[in-house]
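Before any comments, here is the structure.
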Amino acid sequence: MKKKGVLFILPAILVIIIFTVGFFTSSWYLNEKVKVRLENEFSKQTKGQYSLKIGSMNISLLAGSIGFTNVSVIPDSLPSNQAAYRIAAKRADFTGLNVLRFILRKRIIVNSIELQNPSLTVTQAEPGQDKEVKEATPFSLYNVIKVFANSLKVREIQIRNFDLKLYASKKDTVPSLYSNNNQLRVINLFVGPSTKKLPGLFETDSIALVLNKFSYVTSDSLYTFQVARMEVSYQDSLLLFDSVRVIPNYSKKAFADIAGKQTDRFNIFAGKLEFRSIDLRRFFEHHDLIAPALNISAFSMVAFRDKNDKREFKRPSSLQKLILTAPVYMRIDTIKLSKSIIAYEEVAPGKKVPGRITFNDISANFTGLTNDSLLISAGRKLIFNAECRLMDDAPLKATYIFPMDTRQMVFKCSGFLTGLSMSSLNGMLEPTTGVSLKQGKIDTLDFSFSAGENESDGRLKLIYNGLKVELPDNGNEKLKFKDKVMIFVANNFVLKDSNPSGKKEPRIARMHFERNKQRFMFHYTWQTIFSGIKETVGFPDIKPKK
């Protein structure tokens, strides 16, 4: 009986010994062989465009873990129309491996992946105008893992404190953007036969990328761009920029000297820029902006120009030309602007103090922004509708319509203003023209005109009452005597203090202006409207002494 018991136990012990030896032998085999096969298969799947380098690999089936050291993905021989990605990590640890499922079904199920000292370097492709960018070499992540497993599932990937460098061109030696202390979280990543042909290479419940506090300086050194936070969600196709700033690097006095010409100096802030359903791959790889919607909130912009600075006489491009010749492909159906303010400050020739005009509490919609030739040939138009409070006093509505099948300065403009105290305009008029609106109120201003490459034409209806002008008191009575006489004549004999006058029908003025081709669209717009205002009120050309 004892002999039979011994004979029964010995085979069992032998099986355990064989299994144990085989188990550790297979682990050693996996460590040595899988690393090489992974590197070879990665190169094969990318057709030699990328190399996977692994310093060492350790598979511990008993502990349920896989560890890699000195892991990197390196681009090799990429064409110029493809972005290049370089990824590196000191360690990559897969923990919580389900050993039984791996042994019995060759399915890898991992609880988490942790990376140490990770970094990502992106070199963007050269931007282009093509509607369809040539796809990168097809790559199957499934083909890489199938050499040793049927599928891979990772419940959570959490990467913190990784560095990001972004180069705008393959020729650049200094990154245009650098950021650290960033985060990436992926929930329920799956790779298997069903993902072989997916453009995203894998299935996942969510991907969230957060970049913190990055900035770069423009090549001309005039501005610094700062972003407090950028968030990317692949699950929602969301791209969010938080607290975006465009900061001039020089004072108002020095800015034009550094630029070498008279120019606008911008100070810009946006609380949030939110792209919905954006094509994230095209954005990161080719700069392309393809999204159905962009929401901009808490936007503010202050533009400043000193007209005493040296001016470079140059014919500006139309808005259409700027869009059509942009170095990136654009297709944004709707841009919404809310809770915003725009201010323009200008120092007139011979003056020292700037005039200021503001557009407060702006809500606006842009529709049809694109430089896609197919959409443009189908009759695409860029339409801008806005509501605001002019000088934080009166509601103003305005509409611009730009046909996109031309590069000329062609557009239509209309607007409606109600309840403006004329004295509200003195913040701009007094410093720039030396004229002050003492009293008067605009009941309604209704205008519409068409602007062409050479001239504009339209109609304006201005209903107002109680108009009086004067010269602001600057403490120098002798130099302004002639102008005081002119103001007296204007108020009593020239200016029409109301419209309508008495029982007459309201006067409707023609707007007409021959375009100054050395000035941009906003100057063209204002001069067209001003031509109708002057005709309505009989406003003289007053040129006070400098």
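In the structure tokens, the first chain shown is A, the next is B, and so on; residue numbers restart at 1 for each chain, and ligands run from 1 in the order shown.
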*Mind checking DSSP for segment 265-434 of chain A and telling me the strand (DSSP E) residues as a ChimeraX atom specification?*
/A:265-276,289-306,330-347,355-370,381-390,394-403,411-421
*If we count only C-alpha atoms, what is near Leu166 of chain A at a cut-off of 8 Å, once residues fewer than 2 positions away on the same chain are taken out, given as a ChimeraX atom specification?*
/A:121-124,164,168,175-178
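Across A:Asp76, A:Thr325, A:Trp526, A:Val154, the tightest approach to Ser43 of chain A is made by A:Asp76 when counting only C-alpha atoms.
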*Among the residues A:Met521, A:Ile463, A:Ala254, A:Leu120, the one that comes closest to Tyr400 of chain A [using only C-alpha atoms]*: A:Met521
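For segment 443-460 of chain A, the non-local neighbours within 7 Å, defined as residues at least 2 positions apart in the same chain or in other chains and counting only C-alpha atoms, are Gln408, Met409, Val410, Phe411, Lys412, Cys413, Ser414, Gly415, Phe416, Leu417, Thr418, Gly419, Leu420, Lys441, Leu462, Ile463, Tyr464, Ile508, Ala509, Arg510, Met511, His512, Phe513, Glu514, Arg515, Thr528 and Gly532 of chain A.
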_Polymer residues at most 10 Å from Lys310 of chain A, only C-alpha atoms, same-chain spacing of 6 or more positions, as a PyMOL selection string_ = chain A and resi 256-257+260-263
With C-alpha atoms kept, could you save the residues just selected as a PDB file, in the first residue's frame?
```pdb
ATOM      1  CA  ALA A 256       6.203 100.652 -33.370  1.00  0.00           C
ATOM      2  CA  ASP A 257       9.954 101.369 -33.142  1.00  0.00           C
ATOM      3  CA  GLY A 260       9.820  99.384 -37.716  1.00  0.00           C
ATOM      4  CA  LYS A 261       6.513 100.940 -38.823  1.00  0.00           C
ATOM      5  CA  GLN A 262       3.185 102.326 -37.686  1.00  0.00           C
ATOM      6  CA  THR A 263       1.068  99.351 -36.656  1.00  0.00           C
TER       7      THR A 263
END
```
What are the closest atom pairs, with distances in Å to one decimal, for each residue of segment 331-365 of chain A lying within 12 Å of segment 269-282 of chain A, using only C-alpha atoms, rows by chain and rising residue number, as CSV?
```
residue,atom,partner,partner_atom,distance
A:Arg331,CA,A:Ile278,CA,10.0
A:Ile332,CA,A:Ile278,CA,9.1
A:Asp333,CA,A:Arg276,CA,10.8
A:Thr334,CA,A:Phe275,CA,10.2
A:Ile335,CA,A:Phe275,CA,9.2
A:Lys336,CA,A:Glu274,CA,9.8
A:Leu337,CA,A:Leu273,CA,9.5
A:Ser338,CA,A:Lys272,CA,10.3
A:Lys339,CA,A:Gly271,CA,9.7
A:Ser340,CA,A:Ala270,CA,8.7
A:Ile341,CA,A:Phe269,CA,10.0
A:Ile342,CA,A:Phe269,CA,10.5
```
Residues from last step as file, C-alpha atoms, as a compact mmCIF listing (two decimals), in the first residue's frame:
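What follows is the written file selection_37.txt:
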```txt
# COMPACT_ATOMS: atom_id res chain seq x y z
CA ARG A 331 -13.38 74.63 -42.00
CA ILE A 332 -15.29 75.93 -38.96
CA ASP A 333 -19.04 76.09 -39.45
CA THR A 334 -19.90 78.38 -36.53
CA ILE A 335 -17.86 80.61 -34.21
CA LYS A 336 -19.70 82.00 -31.20
CA LEU A 337 -18.40 84.94 -29.19
CA SER A 338 -19.94 85.85 -25.81
CA LYS A 339 -19.37 88.18 -22.85
CA SER A 340 -16.68 90.07 -24.73
CA ILE A 341 -15.28 93.57 -25.17
CA ILE A 342 -13.23 95.26 -27.89
```
_Please list as a PyMOL selection string every residue within 7 Å of Leu52 of chain A, counting only C-alpha atoms and excluding residues in the same chain fewer than 4 positions away._
chain A and resi 39+42-43+72-74
Can you tell me, as a PDB file with N, CA and C atoms, in the first residue's frame, what residues are no more than 9 Å from Asp93 of chain A when counting only C-alpha atoms, ignoring any on the same chain fewer than 2 positions away?
```pdb
ATOM      1  N   SER A  65       2.982  40.963 -13.604  1.00  0.00           N
ATOM      2  CA  SER A  65       3.471  42.267 -14.055  1.00  0.00           C
ATOM      3  C   SER A  65       4.407  42.113 -15.240  1.00  0.00           C
ATOM      4  N   ILE A  66       4.490  43.191 -16.022  1.00  0.00           N
ATOM      5  CA  ILE A  66       5.463  43.299 -17.125  1.00  0.00           C
ATOM      6  C   ILE A  66       6.152  44.636 -16.971  1.00  0.00           C
ATOM      7  N   GLY A  67       7.464  44.620 -16.958  1.00  0.00           N
ATOM      8  CA  GLY A  67       8.215  45.861 -16.806  1.00  0.00           C
ATOM      9  C   GLY A  67       9.164  46.094 -17.970  1.00  0.00           C
ATOM     10  N   PHE A  68       9.199  47.346 -18.439  1.00  0.00           N
ATOM     11  CA  PHE A  68      10.124  47.754 -19.494  1.00  0.00           C
ATOM     12  C   PHE A  68      11.003  48.868 -18.950  1.00  0.00           C
ATOM     13  N   THR A  69      12.250  48.891 -19.362  1.00  0.00           N
ATOM     14  CA  THR A  69      13.130  50.011 -19.014  1.00  0.00           C
ATOM     15  C   THR A  69      13.626  50.676 -20.284  1.00  0.00           C
ATOM     16  N   ARG A  91      10.861  54.126 -17.380  1.00  0.00           N
ATOM     17  CA  ARG A  91      10.261  52.833 -17.070  1.00  0.00           C
ATOM     18  C   ARG A  91       8.804  52.826 -17.496  1.00  0.00           C
ATOM     19  N   THR A  95       0.843  46.447 -14.394  1.00  0.00           N
ATOM     20  CA  THR A  95       0.566  45.724 -13.151  1.00  0.00           C
ATOM     21  C   THR A  95      -0.854  45.174 -13.163  1.00  0.00           C
ATOM     22  N   SER A 112      -3.441  48.427 -14.589  1.00  0.00           N
ATOM     23  CA  SER A 112      -2.935  49.785 -14.786  1.00  0.00           C
ATOM     24  C   SER A 112      -1.571  49.768 -15.458  1.00  0.00           C
ATOM     25  N   ILE A 113      -1.242  50.898 -16.066  1.00  0.00           N
ATOM     26  CA  ILE A 113       0.079  51.140 -16.649  1.00  0.00           C
ATOM     27  C   ILE A 113       0.625  52.424 -16.050  1.00  0.00           C
ATOM     28  N   GLU A 114       1.866  52.375 -15.618  1.00  0.00           N
ATOM     29  CA  GLU A 114       2.509  53.549 -15.030  1.00  0.00           C
ATOM     30  C   GLU A 114       3.828  53.812 -15.753  1.00  0.00           C
ATOM     31  N   LEU A 115       4.046  55.074 -16.097  1.00  0.00           N
ATOM     32  CA  LEU A 115       5.282  55.472 -16.764  1.00  0.00           C
ATOM     33  C   LEU A 115       6.095  56.374 -15.850  1.00  0.00           C
ATOM     34  N   GLN A 116       7.409  56.214 -15.883  1.00  0.00           N
ATOM     35  CA  GLN A 116       8.312  57.078 -15.132  1.00  0.00           C
ATOM     36  C   GLN A 116       9.077  57.978 -16.085  1.00  0.00           C
TER      37      GLN A 116
END
```
